[in-house]
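Visitor: Submitted below is the structure of interest, expressed as structure tokens.
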Amino acid sequence: MDAQLIAFTGVAAGMVALPGADFTVVVRNALASRTAGLASAVGVAGGLLVHTALAVAGLAAVLVTMPVLFRTVQLLGGAYVLYLGLSALYAIRRRAQDGSGPPSGAPEGEPERPAPREFGRALRQGFLTNALNPKAPVLFLSLLPQFVPDGQPPLPRTLLLAALVVVLALIWFPAVALLVDRLGRWLRRPRTARAIEGGSGVALTGLGLALVTGPLLR
């Protein structure tokens, strides 16, 4: 039994499941439809694939040795998360003004019709929300070597660990999206949906502001 692999699985599962911008984006899109929720979940996993690949290749070390590049990527990521948060809050305000209800999936009893544009938008949101987080590859760069046993070639082992992170993301985030869709009849009630979307908008706005102002205050 590989004790280090088991330990890493526990650590990685905790990292993936930790609520943050990724979780918020998946929930918000899953409220719109199952298709959007699953697309954003796959996008988040794609972002993690980029981060773990960078860590395995050692390219994440460049972010550590080049603070300007690190802060530039951090500003871009923060600006995008901030944009998502403000967009959610603006959508709530606009619907309140014109009297329309919150976004909802297909009516009960009717099959959901995936819209290519909706799928692509949600996939892009999930991917960029994760991929533009510059702290992630640095975290993986420092974490993966800790679980490489002495005497083992580092490349195959880190590839295995990186793949495990992506697999966990492909399990967790689609499960979140499906759970939100399963509870959709209750979650999409106007008052509940407004509360969830408003909360996600505030959370994303706060995360975006923290990411944007962090580099500027240093």
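How things are named: the first chain in the structure tokens is A, the next is B, and so on; residues count from 1 in each chain; ligands count from 1 in the order shown.
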Which residues are close to stretch 33-38 of chain A, i.e. within 6 Å by only C-alpha atoms, leaving aside same-chain residues fewer than 4 positions away? Reply as a list in words.
Guide: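 Within the cut-off, the hits are Val26, Asn29, Gly105, Phe119, Ala122, Pro174, Ala177 and Asp181 of chain A.
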Visitor: Please tabulate, as JSON lines, the residues of stretch 119-208 of chain A that come within 7 Å of stretch 12-21 of chain A, each with its closest pair of atoms and the distance in Å to one decimal, counting only C-alpha atoms and ordering rows by chain, then residue number upward.
Guide:
{"residue": "A:Thr129", "atom": "CA", "partner": "A:Ala21", "partner_atom": "CA", "distance": 6.9}
{"residue": "A:Val165", "atom": "CA", "partner": "A:Ala12", "partner_atom": "CA", "distance": 6.1}
{"residue": "A:Leu168", "atom": "CA", "partner": "A:Ala13", "partner_atom": "CA", "distance": 6.5}
{"residue": "A:Ala169", "atom": "CA", "partner": "A:Val16", "partner_atom": "CA", "distance": 6.1}
{"residue": "A:Trp172", "atom": "CA", "partner": "A:Ala17", "partner_atom": "CA", "distance": 6.9}
{"residue": "A:Leu204", "atom": "CA", "partner": "A:Ala21", "partner_atom": "CA", "distance": 6.2}
Visitor: Could you build a table of the residues in stretch 10-99 of chain A lying no more than 9 Å from stretch 153-164 of chain A, giving for each the nearest pair of atoms and their separation in Å rounded to one decimal place, using only C-alpha atoms, ordered by chain and ascending residue number, as a Markdown table?
Guide:
| residue | atom | partner | partner_atom | distance |
| --- | --- | --- | --- | --- |
| A:Ala12 | CA | A:Leu164 | CA | 8.1 |
| A:Leu48 | CA | A:Ala162 | CA | 8.7 |
| A:Leu49 | CA | A:Ala162 | CA | 7.6 |
| A:His51 | CA | A:Ala162 | CA | 8.9 |
| A:Thr52 | CA | A:Ala162 | CA | 5.3 |
| A:Ala53 | CA | A:Ala162 | CA | 7.2 |
| A:Ala55 | CA | A:Ala162 | CA | 8.5 |
| A:Val56 | CA | A:Thr158 | CA | 6.2 |
| A:Ala57 | CA | A:Leu155 | CA | 8.8 |
Visitor: Find the residue from A:Gly85, A:Pro134, A:Gly58, A:Gly126 that sits nearest to A:Ala39; use only C-alpha atoms when measuring.
Guide: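 Residue with the minimum atom-to-atom distance to A:Ala39: A:Gly126.
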Visitor: Taking 4 positions as the minimum chain separation for residues in the same chain, which residues sit within 7 Å of A:Leu76 when counting only C-alpha atoms? Answer as a list in words.
Guide: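 Near neighbours after the sequence-gap exclusion: Thr72, Tyr80 and Leu132 of chain A.
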Visitor: Put those residues in a file: all heavy atoms, as a compact mmCIF listing (two decimals), in the first residue's frame.
Guide:
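Here's the written file part-v5.txt:
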# COMPACT_ATOMS: atom_id res chain seq x y z
N THR A 72 1.30 40.17 -12.74
CA THR A 72 0.52 40.45 -13.94
C THR A 72 -0.56 39.40 -14.12
O THR A 72 -1.73 39.72 -14.39
CB THR A 72 1.43 40.49 -15.18
OG1 THR A 72 2.40 41.53 -15.02
CG2 THR A 72 0.60 40.75 -16.43
N TYR A 80 -10.73 39.11 -14.01
CA TYR A 80 -11.75 38.25 -14.61
C TYR A 80 -12.77 37.78 -13.57
O TYR A 80 -13.98 37.78 -13.82
CB TYR A 80 -11.10 37.03 -15.28
CG TYR A 80 -12.10 36.17 -16.02
CD1 TYR A 80 -12.67 36.61 -17.21
CD2 TYR A 80 -12.49 34.94 -15.50
CE1 TYR A 80 -13.59 35.83 -17.88
CE2 TYR A 80 -13.42 34.16 -16.18
CZ TYR A 80 -13.97 34.61 -17.36
OH TYR A 80 -14.90 33.85 -18.02
N LEU A 132 -6.45 31.30 -14.56
CA LEU A 132 -5.85 32.60 -14.30
C LEU A 132 -5.50 32.81 -12.82
O LEU A 132 -5.26 33.94 -12.41
CB LEU A 132 -6.78 33.72 -14.77
CG LEU A 132 -6.91 33.86 -16.29
CD1 LEU A 132 -7.92 34.93 -16.66
CD2 LEU A 132 -5.55 34.16 -16.92
Visitor: Please indicate the distance in Å from atom CA of A:Ala45 to atom CA of A:Leu86, rounded to one decimal place.
Guide: 23.9 Å
Visitor: Excluding A:Pro137 and its own-chain neighbours fewer than 2 positions away, which residues fall within 6 Å of it when counting only C-alpha atoms? Please give them as a list in words.
Guide: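 Everything that qualifies: His51, Ala55, Ala60, Lys135, Leu139, Phe140 and Leu141 of chain A.
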Visitor: Please produce a file of the residues just selected, as a PDB file, in the first residue's frame, where the atoms kept are C-alpha atoms.
Guide:
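Final file, selection-v3.pdb:
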ATOM      1  CA  HIS A  51      -1.585  24.127 -13.574  1.00  0.00           C
ATOM      2  CA  ALA A  55       4.197  22.241 -12.186  1.00  0.00           C
ATOM      3  CA  ALA A  60       5.724  27.322 -12.486  1.00  0.00           C
ATOM      4  CA  LYS A 135      -0.971  30.753  -7.027  1.00  0.00           C
ATOM      5  CA  LEU A 139       1.221  25.518  -4.893  1.00  0.00           C
ATOM      6  CA  PHE A 140       1.466  22.370  -6.987  1.00  0.00           C
ATOM      7  CA  LEU A 141       5.146  22.996  -7.657  1.00  0.00           C
TER       8      LEU A 141
END
Visitor: Measuring between only C-alpha atoms, which one of A:Leu128, A:Leu143, A:Val27, A:Val44 shows the shortest distance to A:Val167?
Guide: A:Val44
Visitor: Work out how far atom CA of A:Thr205 is from atom CA of A:Gly47, in Å to one decimal.
Guide: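 Atom CA of A:Thr205 lies 20.2 Å from atom CA of A:Gly47.
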Visitor: Just the number, please: distance in Å from atom CA of A:Phe8 to atom CA of A:Val42, one decimal.
Guide: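 Pair atom CA of A:Phe8 / atom CA of A:Val42 returns 22.0 Å.
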Visitor: Under the rule that only C-alpha atoms are counted, which of A:Phe127, A:Thr213, A:Gly208, A:Gln146 is the nearest residue to A:Gly78?
Guide: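 Distance minimum relative to A:Gly78 lands on A:Gly208.
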Visitor: Given only C-alpha atoms as the basis, pick out the residue of A:Phe173, A:Asp22, A:Ile92, A:Ser87 nearest to A:Ala195.
Guide: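 Of A:Phe173, A:Asp22, A:Ile92, A:Ser87, the one nearest A:Ala195, counting only C-alpha atoms, is A:Ile92.
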